[in-house]
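K.L.:
Take a look at structure_2.tsv, TSV, N, CA and C atoms:
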chain	number	residue	atom	x	y	z
T	182	MET	N	62.59	-74.45	74.15
T	182	MET	CA	61.93	-75.41	73.31
T	182	MET	C	62.48	-76.81	73.61
T	183	LYS	N	61.60	-77.75	73.82
T	183	LYS	CA	61.97	-79.11	74.16
T	183	LYS	C	62.44	-79.85	72.92
T	184	GLN	N	63.57	-80.54	73.05
T	184	GLN	CA	64.05	-81.36	71.94
T	184	GLN	C	63.13	-82.58	71.82
T	185	PRO	N	62.89	-83.01	70.58
T	185	PRO	CA	61.97	-84.13	70.40
T	185	PRO	C	62.52	-85.45	70.96
T	186	PHE	N	63.84	-85.56	71.08
T	186	PHE	CA	64.43	-86.81	71.54
T	186	PHE	C	65.42	-86.52	72.66
T	187	ASP	N	65.01	-86.79	73.87
T	187	ASP	CA	65.85	-86.54	75.03
T	187	ASP	C	66.69	-87.74	75.42
T	188	SER	N	66.34	-88.91	74.90
T	188	SER	CA	67.07	-90.12	75.28
T	188	SER	C	67.06	-91.14	74.14
T	189	ASN	N	67.90	-92.15	74.30
T	189	ASN	CA	67.91	-93.24	73.33
T	189	ASN	C	66.55	-93.92	73.26
T	190	GLN	N	65.89	-94.01	74.40
T	190	GLN	CA	64.58	-94.65	74.44
T	190	GLN	C	63.57	-93.88	73.58
T	191	ASP	N	63.62	-92.55	73.61
T	191	ASP	CA	62.73	-91.73	72.76
T	191	ASP	C	63.00	-92.01	71.28
T	192	ILE	N	64.27	-92.13	70.93
T	192	ILE	CA	64.63	-92.41	69.54
T	192	ILE	C	64.11	-93.78	69.13
T	193	LEU	N	64.33	-94.77	69.96
T	193	LEU	CA	63.86	-96.13	69.65
T	193	LEU	C	62.34	-96.19	69.51
T	194	GLU	N	61.64	-95.51	70.39
T	194	GLU	CA	60.17	-95.49	70.31
T	194	GLU	C	59.72	-94.88	68.99
T	195	ALA	N	60.38	-93.81	68.56
T	195	ALA	CA	60.02	-93.17	67.30
T	195	ALA	C	60.31	-94.11	66.12
T	196	LEU	N	61.45	-94.77	66.14
T	196	LEU	CA	61.80	-95.68	65.05
T	196	LEU	C	60.87	-96.88	65.00
T	197	ARG	N	60.47	-97.36	66.15
T	197	ARG	CA	59.57	-98.53	66.21
T	197	ARG	C	58.12	-98.18	65.92
T	198	SER	N	57.80	-96.90	65.96
T	198	SER	CA	56.40	-96.47	65.77
T	198	SER	C	55.91	-96.70	64.34
T	199	LYS	N	56.83	-96.75	63.40
T	199	LYS	CA	56.53	-96.89	61.97
T	199	LYS	C	55.74	-95.70	61.41
T	200	ASP	N	55.63	-94.64	62.21
T	200	ASP	CA	55.04	-93.39	61.74
T	200	ASP	C	56.13	-92.67	60.94
T	201	PRO	N	55.91	-92.48	59.63
T	201	PRO	CA	56.97	-91.90	58.79
T	201	PRO	C	57.53	-90.58	59.31
T	202	HIS	N	56.68	-89.74	59.88
T	202	HIS	CA	57.16	-88.45	60.39
T	202	HIS	C	58.08	-88.63	61.59
T	203	ARG	N	57.70	-89.52	62.49
T	203	ARG	CA	58.53	-89.77	63.68
T	203	ARG	C	59.83	-90.48	63.30
T	204	VAL	N	59.74	-91.44	62.39
T	204	VAL	CA	60.94	-92.17	61.94
T	204	VAL	C	61.91	-91.20	61.29
T	205	ASN	N	61.41	-90.37	60.38
T	205	ASN	CA	62.27	-89.39	59.71
T	205	ASN	C	62.88	-88.40	60.70
T	206	ALA	N	62.08	-87.97	61.66
T	206	ALA	CA	62.59	-87.03	62.66
T	206	ALA	C	63.69	-87.68	63.50
T	207	ALA	N	63.51	-88.94	63.86
T	207	ALA	CA	64.53	-89.65	64.66
T	207	ALA	C	65.81	-89.84	63.85
T	208	LEU	N	65.68	-90.25	62.60
T	208	LEU	CA	66.86	-90.44	61.76
T	208	LEU	C	67.57	-89.12	61.50
T	209	LYS	N	66.81	-88.07	61.29
T	209	LYS	CA	67.39	-86.74	61.09
T	209	LYS	C	68.13	-86.28	62.35
T	210	HIS	N	67.52	-86.54	63.49
T	210	HIS	CA	68.16	-86.19	64.77
T	210	HIS	C	69.50	-86.91	64.91
T	211	LEU	N	69.52	-88.20	64.58
T	211	LEU	CA	70.76	-88.97	64.66
T	211	LEU	C	71.79	-88.44	63.66
T	212	TYR	N	71.36	-88.17	62.44
T	212	TYR	CA	72.28	-87.69	61.40
T	212	TYR	C	72.91	-86.36	61.78
T	213	GLN	N	72.14	-85.52	62.43
T	213	GLN	CA	72.63	-84.19	62.79
T	213	GLN	C	73.31	-84.15	64.16
T	214	SER	N	73.38	-85.30	64.80
T	214	SER	CA	74.04	-85.37	66.10
T	214	SER	C	75.53	-85.13	65.93
T	215	GLY	N	76.03	-84.08	66.55
T	215	GLY	CA	77.44	-83.75	66.44
T	215	GLY	C	78.34	-84.85	66.96
T	216	LYS	N	77.92	-85.50	68.02
T	216	LYS	CA	78.73	-86.58	68.61
T	216	LYS	C	78.85	-87.75	67.63
T	217	LEU	N	77.73	-88.17	67.05
T	217	LEU	CA	77.73	-89.30	66.13
T	217	LEU	C	78.52	-88.96	64.86
T	218	THR	N	78.21	-87.83	64.27
T	218	THR	CA	78.88	-87.41	63.04
T	218	THR	C	80.38	-87.27	63.25
T	219	GLY	N	80.76	-86.63	64.34
T	219	GLY	CA	82.18	-86.44	64.63
T	219	GLY	C	82.92	-87.74	64.84
T	220	THR	N	82.29	-88.66	65.55
T	220	THR	CA	82.94	-89.94	65.81
T	220	THR	C	83.09	-90.75	64.53
T	221	VAL	N	82.06	-90.76	63.69
T	221	VAL	CA	82.15	-91.49	62.42
T	221	VAL	C	83.24	-90.87	61.54
T	222	LYS	N	83.28	-89.54	61.47
T	222	LYS	CA	84.33	-88.87	60.68
T	222	LYS	C	85.72	-89.26	61.19
T	223	GLN	N	85.88	-89.26	62.48
T	223	GLN	CA	87.17	-89.59	63.08
T	223	GLN	C	87.57	-91.03	62.72
T	224	GLN	N	86.65	-91.95	62.82
T	224	GLN	CA	86.94	-93.35	62.51
T	224	GLN	C	87.28	-93.53	61.03
T	225	VAL	N	86.48	-92.92	60.16
T	225	VAL	CA	86.69	-93.06	58.72
T	225	VAL	C	88.01	-92.42	58.31
T	226	LYS	N	88.31	-91.26	58.84
T	226	LYS	CA	89.59	-90.61	58.51
T	226	LYS	C	90.75	-91.45	59.01
T	227	GLY	N	90.58	-92.09	60.15
T	227	GLY	CA	91.62	-92.97	60.68
T	227	GLY	C	91.89	-94.17	59.78
T	228	LEU	N	90.90	-94.55	58.99
T	228	LEU	CA	91.04	-95.67	58.06
T	228	LEU	C	91.40	-95.21	56.65
T	229	GLY	N	91.68	-93.91	56.51
T	229	GLY	CA	92.13	-93.39	55.21
T	229	GLY	C	91.04	-92.76	54.37
T	230	GLY	N	89.88	-92.53	54.95
T	230	GLY	CA	88.79	-91.90	54.20
T	230	GLY	C	88.77	-90.40	54.37
T	231	ASP	N	87.79	-89.77	53.74
T	231	ASP	CA	87.63	-88.33	53.86
T	231	ASP	C	86.20	-88.02	54.33
T	232	GLU	N	85.86	-86.73	54.34
T	232	GLU	CA	84.54	-86.33	54.84
T	232	GLU	C	83.40	-86.88	53.98
T	233	ASN	N	83.61	-86.93	52.66
T	233	ASN	CA	82.57	-87.50	51.80
T	233	ASN	C	82.34	-88.97	52.11
T	234	ASP	N	83.43	-89.69	52.34
T	234	ASP	CA	83.31	-91.10	52.72
T	234	ASP	C	82.54	-91.23	54.03
T	235	ALA	N	82.85	-90.35	54.97
T	235	ALA	CA	82.19	-90.39	56.28
T	235	ALA	C	80.70	-90.12	56.14
T	236	ARG	N	80.32	-89.14	55.33
T	236	ARG	CA	78.90	-88.83	55.14
T	236	ARG	C	78.17	-90.01	54.50
T	237	GLU	N	78.81	-90.58	53.48
T	237	GLU	CA	78.19	-91.70	52.77
T	237	GLU	C	78.02	-92.91	53.69
T	238	VAL	N	79.06	-93.23	54.43
T	238	VAL	CA	79.00	-94.39	55.30
T	238	VAL	C	78.02	-94.15	56.46
T	239	LEU	N	77.92	-92.93	56.94
T	239	LEU	CA	76.96	-92.63	58.00
T	239	LEU	C	75.53	-92.81	57.49
T	240	ASN	N	75.25	-92.33	56.29
T	240	ASN	CA	73.91	-92.52	55.72
T	240	ASN	C	73.56	-94.00	55.63
T	241	ARG	N	74.49	-94.78	55.12
T	241	ARG	CA	74.25	-96.22	54.96
T	241	ARG	C	74.13	-96.91	56.32
T	242	ALA	N	74.94	-96.49	57.28
T	242	ALA	CA	74.90	-97.08	58.62
T	242	ALA	C	73.57	-96.78	59.31
T	243	LEU	N	73.03	-95.58	59.08
T	243	LEU	CA	71.72	-95.25	59.68
T	243	LEU	C	70.62	-96.14	59.11
T	244	VAL	N	70.69	-96.44	57.83
T	244	VAL	CA	69.70	-97.33	57.22
T	244	VAL	C	69.83	-98.73	57.82
T	245	VAL	N	71.05	-99.21	57.96
T	245	VAL	CA	71.27	-100.53	58.55
T	245	VAL	C	70.77	-100.54	60.00
T	246	PHE	N	71.08	-99.49	60.75
T	246	PHE	CA	70.62	-99.40	62.13
T	246	PHE	C	69.09	-99.44	62.19
T	247	TYR	N	68.45	-98.66	61.36
T	247	TYR	CA	66.98	-98.65	61.34
T	247	TYR	C	66.43	-100.05	61.04
T	248	ASN	N	67.04	-100.73	60.08
T	248	ASN	CA	66.61	-102.10	59.76
T	248	ASN	C	66.81	-103.03	60.95
T	249	HIS	N	67.92	-102.87	61.66
T	249	HIS	CA	68.16	-103.70	62.84
T	249	HIS	C	67.13	-103.43	63.92
T	250	VAL	N	66.74	-102.17	64.09
T	250	VAL	CA	65.70	-101.84	65.07
T	250	VAL	C	64.38	-102.49	64.66
T	251	GLU	N	64.02	-102.36	63.40
T	251	GLU	CA	62.77	-102.95	62.91
T	251	GLU	C	62.75	-104.47	63.07
T	252	ASP	N	63.90	-105.11	62.81
T	252	ASP	CA	63.98	-106.57	62.86
T	252	ASP	C	64.22	-107.11	64.26
T	253	GLY	N	64.40	-106.22	65.21
T	253	GLY	CA	64.65	-106.64	66.59
T	253	GLY	C	66.08	-107.11	66.83
T	254	LYS	N	67.01	-106.79	65.93
T	254	LYS	CA	68.40	-107.20	66.08
T	254	LYS	C	69.18	-106.28	67.01
T	255	TYR	N	68.71	-105.06	67.17
T	255	TYR	CA	69.40	-104.12	68.05
T	255	TYR	C	68.90	-104.30	69.47
T	256	ASP	N	69.82	-104.52	70.39
T	256	ASP	CA	69.49	-104.67	71.80
T	256	ASP	C	70.10	-103.50	72.57
T	257	PRO	N	69.28	-102.56	73.03
T	257	PRO	CA	69.81	-101.38	73.72
T	257	PRO	C	70.55	-101.72	75.02
T	258	ALA	N	70.33	-102.91	75.54
T	258	ALA	CA	71.03	-103.30	76.77
T	258	ALA	C	72.50	-103.62	76.50
T	259	LEU	N	72.83	-103.92	75.24
T	259	LEU	CA	74.20	-104.29	74.91
T	259	LEU	C	75.07	-103.12	74.49
T	260	SER	N	74.47	-102.10	73.85
T	260	SER	CA	75.25	-100.91	73.48
T	260	SER	C	74.32	-99.74	73.22
T	261	GLY	N	74.89	-98.55	73.36
T	261	GLY	CA	74.13	-97.35	73.08
T	261	GLY	C	73.97	-97.17	71.57
T	262	ILE	N	73.04	-96.32	71.20
T	262	ILE	CA	72.76	-96.09	69.78
T	262	ILE	C	73.98	-95.56	69.05
T	263	THR	N	74.63	-94.55	69.61
T	263	THR	CA	75.79	-93.95	68.96
T	263	THR	C	76.89	-94.99	68.76
T	264	THR	N	77.19	-95.74	69.80
T	264	THR	CA	78.22	-96.77	69.71
T	264	THR	C	77.88	-97.80	68.64
T	265	TYR	N	76.63	-98.20	68.59
T	265	TYR	CA	76.18	-99.20	67.64
T	265	TYR	C	76.33	-98.70	66.20
T	266	ILE	N	75.90	-97.48	65.95
T	266	ILE	CA	75.97	-96.91	64.60
T	266	ILE	C	77.42	-96.69	64.18
T	267	VAL	N	78.26	-96.22	65.09
T	267	VAL	CA	79.67	-96.02	64.78
T	267	VAL	C	80.32	-97.36	64.42
T	268	HIS	N	79.97	-98.40	65.16
T	268	HIS	CA	80.51	-99.73	64.86
T	268	HIS	C	80.08	-100.19	63.46
T	269	ILE	N	78.81	-100.00	63.13
T	269	ILE	CA	78.31	-100.36	61.80
T	269	ILE	C	79.08	-99.58	60.73
T	270	ALA	N	79.19	-98.28	60.93
T	270	ALA	CA	79.85	-97.42	59.94
T	270	ALA	C	81.31	-97.80	59.75
T	271	THR	N	81.99	-98.06	60.84
T	271	THR	CA	83.41	-98.41	60.76
T	271	THR	C	83.61	-99.72	60.01
T	272	ARG	N	82.82	-100.72	60.36
T	272	ARG	CA	82.93	-102.02	59.67
T	272	ARG	C	82.57	-101.88	58.20
T	273	MET	N	81.55	-101.09	57.92
T	273	MET	CA	81.11	-100.90	56.54
T	273	MET	C	82.22	-100.23	55.73
T	274	PHE	N	82.82	-99.18	56.27
T	274	PHE	CA	83.87	-98.49	55.55
T	274	PHE	C	85.09	-99.39	55.37
T	275	TYR	N	85.45	-100.12	56.41
T	275	TYR	CA	86.59	-101.03	56.32
T	275	TYR	C	86.35	-102.07	55.23
T	276	THR	N	85.16	-102.62	55.17
T	276	THR	CA	84.82	-103.62	54.16
T	276	THR	C	84.89	-103.03	52.75
T	277	VAL	N	84.35	-101.84	52.57
T	277	VAL	CA	84.40	-101.19	51.26
T	277	VAL	C	85.84	-100.91	50.86
T	278	ARG	N	86.62	-100.39	51.79
T	278	ARG	CA	88.02	-100.06	51.51
T	278	ARG	C	88.80	-101.33	51.15
T	279	ARG	N	88.57	-102.41	51.88
T	279	ARG	CA	89.26	-103.67	51.60
T	279	ARG	C	88.87	-104.20	50.22
T	280	SER	N	87.58	-104.11	49.88
T	280	SER	CA	87.12	-104.56	48.56
T	280	SER	C	87.76	-103.74	47.45
T	281	GLU	N	87.83	-102.42	47.64
T	281	GLU	CA	88.45	-101.55	46.64
T	281	GLU	C	89.93	-101.90	46.47
T	282	THR	N	90.61	-102.15	47.56
T	282	THR	CA	92.03	-102.50	47.50
T	282	THR	C	92.23	-103.79	46.73
T	283	ARG	N	91.38	-104.78	47.00
T	283	ARG	CA	91.48	-106.04	46.27
T	283	ARG	C	91.18	-105.86	44.79
T	284	ARG	N	90.16	-105.07	44.50
T	284	ARG	CA	89.78	-104.84	43.10
T	284	ARG	C	90.91	-104.14	42.35
T	285	VAL	N	91.51	-103.15	42.96
T	285	VAL	CA	92.62	-102.43	42.33
T	285	VAL	C	93.80	-103.37	42.13
T	286	ALA	N	94.09	-104.20	43.12
T	286	ALA	CA	95.21	-105.14	42.99
T	286	ALA	C	94.96	-106.13	41.86
T	287	MET	N	93.73	-106.63	41.75
T	287	MET	CA	93.40	-107.56	40.67
T	287	MET	C	93.51	-106.86	39.32
T	288	HIS	N	93.05	-105.63	39.24
T	288	HIS	CA	93.13	-104.86	38.01
T	288	HIS	C	94.58	-104.65	37.61
T	289	ASP	N	95.41	-104.29	38.59
T	289	ASP	CA	96.84	-104.07	38.32
T	289	ASP	C	97.51	-105.34	37.80
T	290	ARG	N	97.17	-106.48	38.43
T	290	ARG	CA	97.75	-107.76	37.97
T	290	ARG	C	97.28	-108.07	36.56
T	291	SER	N	96.03	-107.79	36.27
T	291	SER	CA	95.49	-108.04	34.94
T	291	SER	C	96.17	-107.16	33.91
T	292	MET	N	96.39	-105.92	34.24
T	292	MET	CA	97.06	-105.00	33.32
T	292	MET	C	98.50	-105.44	33.09
T	293	GLU	N	99.17	-105.91	34.13
T	293	GLU	CA	100.54	-106.39	33.97
T	293	GLU	C	100.58	-107.62	33.07
T	294	ALA	N	99.63	-108.50	33.23
T	294	ALA	CA	99.60	-109.72	32.41
T	294	ALA	C	99.35	-109.36	30.95
T	295	ASP	N	98.50	-108.38	30.70
T	295	ASP	CA	98.23	-107.95	29.32
T	295	ASP	C	99.45	-107.27	28.70
T	296	ALA	N	100.23	-106.60	29.55
T	296	ALA	CA	101.38	-105.86	29.05
T	296	ALA	C	102.53	-106.78	28.66
T	297	VAL	N	102.60	-107.95	29.26
T	297	VAL	CA	103.68	-108.89	28.96
T	297	VAL	C	103.34	-109.56	27.64
T	298	GLU	N	104.20	-109.34	26.68
T	298	GLU	CA	103.98	-109.96	25.37
T	298	GLU	C	104.64	-111.32	25.35
T	299	THR	N	103.92	-112.26	24.85
T	299	THR	CA	104.45	-113.61	24.76
T	299	THR	C	105.22	-113.73	23.46
T	300	VAL	N	106.46	-114.12	23.57
T	300	VAL	CA	107.30	-114.32	22.40
T	300	VAL	C	107.34	-115.82	22.15
T	301	THR	N	106.91	-116.22	20.99
T	301	THR	CA	106.93	-117.66	20.66
T	301	THR	C	107.93	-117.92	19.55
T	302	ASN	N	108.45	-119.08	19.60
T	302	ASN	CA	109.41	-119.52	18.59
T	302	ASN	C	108.63	-120.37	17.59
T	303	PRO	N	108.49	-119.90	16.34
T	303	PRO	CA	107.71	-120.65	15.36
T	303	PRO	C	108.24	-122.05	15.12
T	304	GLU	N	109.53	-122.25	15.25
T	304	GLU	CA	110.10	-123.59	15.02
T	304	GLU	C	109.64	-124.57	16.08
T	305	LEU	N	109.51	-124.09	17.34
T	305	LEU	CA	109.06	-124.97	18.40
T	305	LEU	C	107.59	-125.35	18.22
T	306	GLU	N	106.82	-124.46	17.68
T	306	GLU	CA	105.40	-124.74	17.50
T	306	GLU	C	105.16	-125.71	16.37
T	307	MET	N	106.07	-125.81	15.45
T	307	MET	CA	105.93	-126.73	14.34
T	307	MET	C	106.17	-128.18	14.78
T	308	ASN	N	106.93	-128.40	15.79
T	308	ASN	CA	107.27	-129.75	16.24
T	308	ASN	C	106.20	-130.36	17.04
How does this structure look as structure tokens?
P.N.:
Amino acid sequence: MKQPFDSNQDILEALRSKDPHRVNAALKHLYQSGKLTGTVKQQVKGLGGDENDAREVLNRALVVFYNHVEDGKYDPALSGITTYIVHIATRMFYTVRRSETRRVAMHDRSMEADAVETVTNPELEMN
């Protein structure tokens, strides 16, 4: 049985066709690609994530990739599809992780500030 997508060009043609069945088939093919999934998992785990993080970021990266194809931002001459999606996923996860770290740090500082009780001297306030 012939695979529906034998090359990156076949995938791009399906994504550019705007035929919902072909677009879904191409995205499903990419999502189920062992090479792509494995590489994204490896990158995300290397940045401190887990398999759920990898799945989530891969889903989001595929949407971004599809939008880039539609908008003409993806140039196949500059990188392969797998490389491009892995780069999107890695940057996306890194950005999310950095934002979470900042948010937690701000929350911790806020909690510390609330925990410090201000002791005032009533005599000083009267003057």
K.L.:
Report as a list in words all protein, DNA and RNA residues lying within 12 Å of His249 in chain T, evaluated on only C-alpha atoms, omitting residues in the same chain fewer than 5 positions from it.
P.N.:
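Returned residues: Leu193, Leu196, Arg197, Ala242, Leu243, Val244, Lys254, Tyr255, Asp256, Pro257, Ile262, Tyr265, Ile266 and Ile269 of chain T.
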K.L.:
Excluding range 271-280 of chain T and its own-chain neighbours fewer than 5 positions away, which residues fall within 7 Å of it when counting only N, CA and C atoms? Please give them as a CSV table (one decimal) with N, CA and C atoms, in the frame of the given file.
P.N.:
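Listed below is the output, out-v6.csv:
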chain,number,residue,atom,x,y,z
T,221,VAL,N,82.1,-90.8,63.7
T,221,VAL,CA,82.2,-91.5,62.4
T,221,VAL,C,83.2,-90.9,61.5
T,224,GLN,N,86.6,-92.0,62.8
T,224,GLN,CA,86.9,-93.4,62.5
T,224,GLN,C,87.3,-93.5,61.0
T,225,VAL,N,86.5,-92.9,60.2
T,225,VAL,CA,86.7,-93.1,58.7
T,225,VAL,C,88.0,-92.4,58.3
T,238,VAL,N,79.1,-93.2,54.4
T,238,VAL,CA,79.0,-94.4,55.3
T,238,VAL,C,78.0,-94.2,56.5
T,266,ILE,N,75.9,-97.5,66.0
T,266,ILE,CA,76.0,-96.9,64.6
T,266,ILE,C,77.4,-96.7,64.2
T,285,VAL,N,91.5,-103.2,43.0
T,285,VAL,CA,92.6,-102.4,42.3
T,285,VAL,C,93.8,-103.4,42.1
K.L.:
Go through T:Ala235, T:Val245, T:Val250, T:Ile192 one by one, measure the shortest atom-to-atom distance of each to Ala207 in chain T using only C-alpha atoms, and give the residue with the smallest value.
P.N.:
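With only C-alpha atoms as the atom set, the closest residue is T:Ile192.
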K.L.:
When you count all atoms listed in the file, which of these residues is closest to Thr220 in chain T: T:Pro185, T:Asn240, T:Val267, T:Ser198?
P.N.:
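Under the stated criterion, the closest residue is T:Val267.
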K.L.:
How many Å lie between CA of Leu239 in chain T and CA of Ala270 in chain T, rounded to one decimal?
P.N.:
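That distance, rounded to one decimal, is 5.9 Å.
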K.L.:
What is the CA of Arg241 in chain T-CA of Leu217 in chain T distance in Å, reported with one decimal?
P.N.:
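So the two atoms, CA of Arg241 in chain T and CA of Leu217 in chain T, lie 13.6 Å apart.
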K.L.:
I'd like the interatomic distance between atom N of Leu211 in chain T and CA of Gln223 in chain T, to a tenth of an Å.
P.N.:
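Separation between atom N of Leu211 in chain T and CA of Gln223 in chain T: 17.8 Å.
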K.L.:
Could you rebuild range 248-267 of chain T with N, CA, C and O atoms and give it back as a CSV table (one decimal), in the frame of the given file?
P.N.:
chain,number,residue,atom,x,y,z
T,248,ASN,N,67.0,-100.7,60.1
T,248,ASN,CA,66.6,-102.1,59.8
T,248,ASN,C,66.8,-103.0,61.0
T,248,ASN,O,66.0,-103.9,61.2
T,249,HIS,N,67.9,-102.9,61.7
T,249,HIS,CA,68.2,-103.7,62.8
T,249,HIS,C,67.1,-103.4,63.9
T,249,HIS,O,66.7,-104.4,64.6
T,250,VAL,N,66.7,-102.2,64.1
T,250,VAL,CA,65.7,-101.8,65.1
T,250,VAL,C,64.4,-102.5,64.7
T,250,VAL,O,63.7,-103.1,65.5
T,251,GLU,N,64.0,-102.4,63.4
T,251,GLU,CA,62.8,-103.0,62.9
T,251,GLU,C,62.8,-104.5,63.1
T,251,GLU,O,61.7,-105.0,63.4
T,252,ASP,N,63.9,-105.1,62.8
T,252,ASP,CA,64.0,-106.6,62.9
T,252,ASP,C,64.2,-107.1,64.3
T,252,ASP,O,64.3,-108.3,64.4
T,253,GLY,N,64.4,-106.2,65.2
T,253,GLY,CA,64.6,-106.6,66.6
T,253,GLY,C,66.1,-107.1,66.8
T,253,GLY,O,66.4,-107.8,67.8
T,254,LYS,N,67.0,-106.8,65.9
T,254,LYS,CA,68.4,-107.2,66.1
T,254,LYS,C,69.2,-106.3,67.0
T,254,LYS,O,70.2,-106.7,67.5
T,255,TYR,N,68.7,-105.1,67.2
T,255,TYR,CA,69.4,-104.1,68.0
T,255,TYR,C,68.9,-104.3,69.5
T,255,TYR,O,67.7,-104.2,69.7
T,256,ASP,N,69.8,-104.5,70.4
T,256,ASP,CA,69.5,-104.7,71.8
T,256,ASP,C,70.1,-103.5,72.6
T,256,ASP,O,71.3,-103.4,72.7
T,257,PRO,N,69.3,-102.6,73.0
T,257,PRO,CA,69.8,-101.4,73.7
T,257,PRO,C,70.6,-101.7,75.0
T,257,PRO,O,71.3,-100.9,75.5
T,258,ALA,N,70.3,-102.9,75.5
T,258,ALA,CA,71.0,-103.3,76.8
T,258,ALA,C,72.5,-103.6,76.5
T,258,ALA,O,73.3,-103.6,77.4
T,259,LEU,N,72.8,-103.9,75.2
T,259,LEU,CA,74.2,-104.3,74.9
T,259,LEU,C,75.1,-103.1,74.5
T,259,LEU,O,76.3,-103.2,74.7
T,260,SER,N,74.5,-102.1,73.8
T,260,SER,CA,75.2,-100.9,73.5
T,260,SER,C,74.3,-99.7,73.2
T,260,SER,O,73.1,-99.9,72.9
T,261,GLY,N,74.9,-98.6,73.4
T,261,GLY,CA,74.1,-97.4,73.1
T,261,GLY,C,74.0,-97.2,71.6
T,261,GLY,O,74.7,-97.8,70.8
T,262,ILE,N,73.0,-96.3,71.2
T,262,ILE,CA,72.8,-96.1,69.8
T,262,ILE,C,74.0,-95.6,69.0
T,262,ILE,O,74.4,-96.1,68.0
T,263,THR,N,74.6,-94.6,69.6
T,263,THR,CA,75.8,-94.0,69.0
T,263,THR,C,76.9,-95.0,68.8
T,263,THR,O,77.5,-95.1,67.7
T,264,THR,N,77.2,-95.7,69.8
T,264,THR,CA,78.2,-96.8,69.7
T,264,THR,C,77.9,-97.8,68.6
T,264,THR,O,78.7,-98.2,67.8
T,265,TYR,N,76.6,-98.2,68.6
T,265,TYR,CA,76.2,-99.2,67.6
T,265,TYR,C,76.3,-98.7,66.2
T,265,TYR,O,76.9,-99.4,65.3
T,266,ILE,N,75.9,-97.5,66.0
T,266,ILE,CA,76.0,-96.9,64.6
T,266,ILE,C,77.4,-96.7,64.2
T,266,ILE,O,77.8,-97.0,63.0
T,267,VAL,N,78.3,-96.2,65.1
T,267,VAL,CA,79.7,-96.0,64.8
T,267,VAL,C,80.3,-97.4,64.4
T,267,VAL,O,81.1,-97.5,63.5
